[in-house]
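So the structure is just underneath, and the comments pick up after that.
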Amino acid sequence: MAPSSKLVKTTSLPSHQRSLVQPLRSPRHKRISAMRRALESSMPQEELVTAAAGDADHQPRARRASDETLAVHAGEKLGKKDAGVGGSGTGIETDSMATPIVSGTTHWFKSSEDLIAFKEGRRHSFEYGRYSNPTVKVLEEKISALERAEATLVTSSGMNAITTTLLALVPPGGHVVTTTDCYGEARAFIRDRLSVMGAIRSTFVDLDDDMESLKAVLDENDDVALFYADSPTNPLLKCVDIRHVAELCHRKGALVCIDSTMASPINQKPLTLGADLVLHSATKYMAGHHDVIAGCISGSEALISRIRAWHHQLGGAISPNAAYTVIRGLKTMALRVEAHNSTALRMARMLERHPKIERVHYPGLESSPWHEVARTQMSGYGGVVRLELKADLRGTMSFVDALEIPFIATSLGGCESLVQQPAVMSFWGRSQEDKTKNGIKDNLVRFSFGIEKFEDLQDDILQALNRI
């Protein structure tokens, strides 16, 4: 049968596309035209001129997609070269709206020539699940887009990302510098494990001296390979001046790695501030639902390749199912982080004025000694607030136990609010000297605020304060 001469059969098109081929004088077209005229009349003149110029050229001005859009779309449109917003595709052909979970551990090749093309980098594909996976690749591209990075490696946990990075970038006889209040497990690995591997030296510096200690270490040693720090830090939410640190370290040939878990990619982008690498526990704000363990490290292709080589040998590959769970969480991250930021800042301001609160730690407060640094490099201050009660150990325990909404639990960045008393949880059984050195007091409480209604959390905290 000869093909129809009618090029477009409107009844076969989806409804939103059928409107595009309506007759010019149809009621539908008149409504659309009226809507456009109303929109143009509400636009400032300079925007209207710009829009008109774009229509004339048929080439609208290019602009970077927002974090909200990247979190949803980057890396997603599979099976096409340069597919998706900020992504390059993974080679899977699908029209599914949901990212496919590719559970296969090994991938086959059509021929020996096909395999050679893959080995020589002329064909994009996958070989073995420990090296890479299509679902994991989507997640890596999404994070790279959010962090403005050339490449990302996703790992089975944040701690795996930390240890693999340190092993890959600090050579035998090398020197790593970190802060006195970096993540406790990382600090223990650097102090107790890394130091016995190939005579690697470590130095811990305090952030309170405006990086004078770091400057002294760099001036006195030519072997510093890496500066690693959290920003904001855990537990006291101090902020590293990333631009200043990067300038100091790069002058001496040292790399800078920032663990930005407490900030999220929405609130802070260390690579744009001069850091060489940015690291996250993706378990926290990225996944956002307390239901998956994952980590990631982002940076230049050259650095990530070095780390990836170690990762292939050490293991620590994330499962495709876990990767999908993080992907799904990332799509709502911007919305969730906005709620975390708002609740935490409002709560910190309220608690700072409460008569039963001795001190509030939060970089968003103008009273914080870290506020100026945070203000210049963060767009929001995160959902974690720490406070010191006017109470002893038992009185503080009574406050925590009286709370009805937050769960007594570790971690952060999820939908549910969490609370913990570090002296009872993470530092229980530790010496007083160790607690003092890490800024841990018996009356210290850490809130990780979720996405519940602010007024509900406020009422709950106020009633609990009335119990002490």
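We label chains A, B, ... in the order they appear in the structure tokens, count residues from 1 in each chain, and number ligands from 1 in the order shown.
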Neighbours of Asp208 in chain A within 9 Å (only C-alpha atoms; same-chain residues fewer than 3 positions away dropped), as a compact mmCIF listing (two decimals) with all heavy atoms, in the first residue's frame?
# COMPACT_ATOMS: atom_id res chain seq x y z
N MET A 211 44.26 29.36 59.98
CA MET A 211 45.12 28.57 59.10
C MET A 211 46.61 28.88 59.25
O MET A 211 47.40 28.52 58.38
CB MET A 211 44.70 28.72 57.64
CG MET A 211 43.40 28.04 57.29
SD MET A 211 43.54 26.23 57.22
CE MET A 211 42.74 25.77 58.75
N GLU A 212 46.98 29.50 60.34
CA GLU A 212 48.41 29.76 60.58
C GLU A 212 49.17 28.45 60.79
O GLU A 212 50.31 28.31 60.35
CB GLU A 212 48.59 30.69 61.77
CG GLU A 212 48.20 32.14 61.52
CD GLU A 212 48.99 32.76 60.37
OE1 GLU A 212 50.23 32.56 60.33
OE2 GLU A 212 48.38 33.42 59.52
N LYS A 238 32.57 24.09 62.30
CA LYS A 238 33.53 25.11 61.87
C LYS A 238 33.65 25.06 60.35
O LYS A 238 33.38 24.02 59.74
CB LYS A 238 34.90 24.85 62.51
CG LYS A 238 34.89 24.88 64.03
CD LYS A 238 36.27 24.54 64.59
CE LYS A 238 36.27 24.52 66.10
NZ LYS A 238 37.63 24.19 66.65
**Asked** If you run DSSP on the backbone, which residues of range 291-339 of chain A are alpha helix (DSSP H), as a PyMOL selection string?
**Response** chain A and resi 301-314+320-330+333-339
Can you list every residue in range 186-391 of chain A that DSSP puts in strand (DSSP E), as a CSV table (one decimal) with C-alpha atoms, in the first residue's frame?
chain,number,residue,atom,x,y,z
A,201,ARG,CA,53.3,11.2,58.2
A,202,SER,CA,50.2,13.0,59.4
A,203,THR,CA,49.7,16.4,61.0
A,204,PHE,CA,46.6,17.7,62.6
A,205,VAL,CA,46.0,21.5,62.5
A,224,VAL,CA,52.8,17.5,52.0
A,225,ALA,CA,50.8,15.6,49.4
A,226,LEU,CA,47.2,16.3,50.5
A,227,PHE,CA,45.2,18.5,52.8
A,228,TYR,CA,42.0,16.8,53.8
A,229,ALA,CA,39.2,18.5,55.8
A,230,ASP,CA,35.5,18.6,56.5
A,255,LEU,CA,46.2,18.8,46.8
A,256,VAL,CA,43.1,19.9,48.6
A,257,CYS,CA,40.2,17.5,49.4
A,258,ILE,CA,37.1,18.8,51.1
A,259,ASP,CA,34.5,16.5,52.7
A,277,LEU,CA,38.5,17.1,45.1
A,278,VAL,CA,35.1,17.1,46.9
A,279,LEU,CA,33.9,14.1,48.9
A,280,HIS,CA,30.5,13.1,50.3
A,281,SER,CA,28.8,10.5,52.3
A,295,GLY,CA,29.9,7.6,49.1
A,296,CYS,CA,31.4,9.6,46.2
A,297,ILE,CA,34.5,11.6,45.3
A,298,SER,CA,34.5,14.2,42.5
A,299,GLY,CA,37.3,16.1,40.7
A,357,ILE,CA,20.4,27.5,76.2
A,358,GLU,CA,24.0,28.3,76.9
A,359,ARG,CA,25.3,28.4,73.3
A,360,VAL,CA,24.2,27.5,69.8
A,361,HIS,CA,26.6,26.3,67.1
A,384,VAL,CA,22.5,20.4,61.6
A,385,VAL,CA,22.4,22.6,64.7
A,386,ARG,CA,24.4,22.0,67.9
A,387,LEU,CA,23.5,23.5,71.2
A,388,GLU,CA,24.8,23.5,74.7
A,389,LEU,CA,22.2,23.4,77.4
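When only C-alpha atoms are used to measure the gap to Glu372 in chain A, the shortest distance among A:Ile266, A:Met97, A:Cys415, A:Cys239 belongs to A:Cys239.
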**Prompt:** In terms of the shortest atom-to-atom distance over only C-alpha atoms, which of A:Asp442, A:Glu404, A:Asp219, A:Asp291 is closest to Gln458 in chain A?
**Reply:**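 Closest to Gln458 in chain A of all the choices is A:Glu404.
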**Item:** CA of His312 in chain A to CA of Arg122 in chain A, straight-line distance in Å
**Value:**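 Here the two named atoms are 21.4 Å from each other.
From CA of Tyr285 in chain A back to CA of Ala464 in chain A, the distance works out to 26.8 Å.
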**Message:** With only C-alpha atoms as the counted atoms, please give the residues lying no more than 9 Å from Gly439 in chain A, apart from itself and same-chain residues fewer than 6 positions off, as a ChimeraX atom specification.
**Reply:** /A:181,235-236
**Message:** If we count only C-alpha atoms and set the cut-off at 8 Å, which residues sit around range 153-169 of chain A, ignoring sequence neighbours fewer than 4 positions away in its own chain? Please answer as an MDAnalysis selection string.
**Reply:** chainID A and resid 136 139:140 185:186 189 194 225:226 279:283 293:298 304 306:308 310:311 314 316:319
Could those selected residues go to a file with C-alpha atoms, as a PDB file, in the first residue's frame?
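Saved result, again_38.pdb, follows:
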ATOM      1  CA  VAL A 136      26.099   3.616  38.709  1.00  0.00           C
ATOM      2  CA  LEU A 139      24.621   8.477  39.377  1.00  0.00           C
ATOM      3  CA  GLU A 140      28.236   9.486  38.745  1.00  0.00           C
ATOM      4  CA  GLU A 185      36.615   7.575  61.587  1.00  0.00           C
ATOM      5  CA  ALA A 186      38.760   9.428  59.041  1.00  0.00           C
ATOM      6  CA  PHE A 189      42.342   5.932  59.871  1.00  0.00           C
ATOM      7  CA  LEU A 194      47.809   5.341  57.287  1.00  0.00           C
ATOM      8  CA  ALA A 225      50.782  15.631  49.351  1.00  0.00           C
ATOM      9  CA  LEU A 226      47.249  16.304  50.537  1.00  0.00           C
ATOM     10  CA  LEU A 279      33.900  14.087  48.853  1.00  0.00           C
ATOM     11  CA  HIS A 280      30.513  13.103  50.302  1.00  0.00           C
ATOM     12  CA  SER A 281      28.830  10.466  52.305  1.00  0.00           C
ATOM     13  CA  ALA A 282      25.985  10.133  49.793  1.00  0.00           C
ATOM     14  CA  THR A 283      24.060   8.396  52.568  1.00  0.00           C
ATOM     15  CA  ILE A 293      24.845   3.579  52.343  1.00  0.00           C
ATOM     16  CA  ALA A 294      27.003   5.210  49.637  1.00  0.00           C
ATOM     17  CA  GLY A 295      29.901   7.596  49.077  1.00  0.00           C
ATOM     18  CA  CYS A 296      31.390   9.609  46.243  1.00  0.00           C
ATOM     19  CA  ILE A 297      34.474  11.578  45.259  1.00  0.00           C
ATOM     20  CA  SER A 298      34.513  14.182  42.454  1.00  0.00           C
ATOM     21  CA  ILE A 304      39.570  10.437  39.727  1.00  0.00           C
ATOM     22  CA  ARG A 306      44.093   7.541  39.982  1.00  0.00           C
ATOM     23  CA  ILE A 307      41.545   6.944  42.735  1.00  0.00           C
ATOM     24  CA  ARG A 308      39.457   4.645  40.530  1.00  0.00           C
ATOM     25  CA  TRP A 310      42.837   1.820  43.664  1.00  0.00           C
ATOM     26  CA  HIS A 311      39.092   1.388  44.033  1.00  0.00           C
ATOM     27  CA  LEU A 314      40.262  -2.571  46.936  1.00  0.00           C
ATOM     28  CA  GLY A 316      34.000  -1.167  47.613  1.00  0.00           C
ATOM     29  CA  ALA A 317      31.778  -1.110  44.535  1.00  0.00           C
ATOM     30  CA  ILE A 318      28.250   0.114  45.154  1.00  0.00           C
ATOM     31  CA  SER A 319      25.410  -2.170  44.071  1.00  0.00           C
TER      32      SER A 319
END
**Message:** Calculated over only C-alpha atoms, which of the candidates A:His340, A:Arg349, A:Arg467, A:Arg375 has the smallest distance to Phe399 in chain A?
**Reply:** A:Arg467
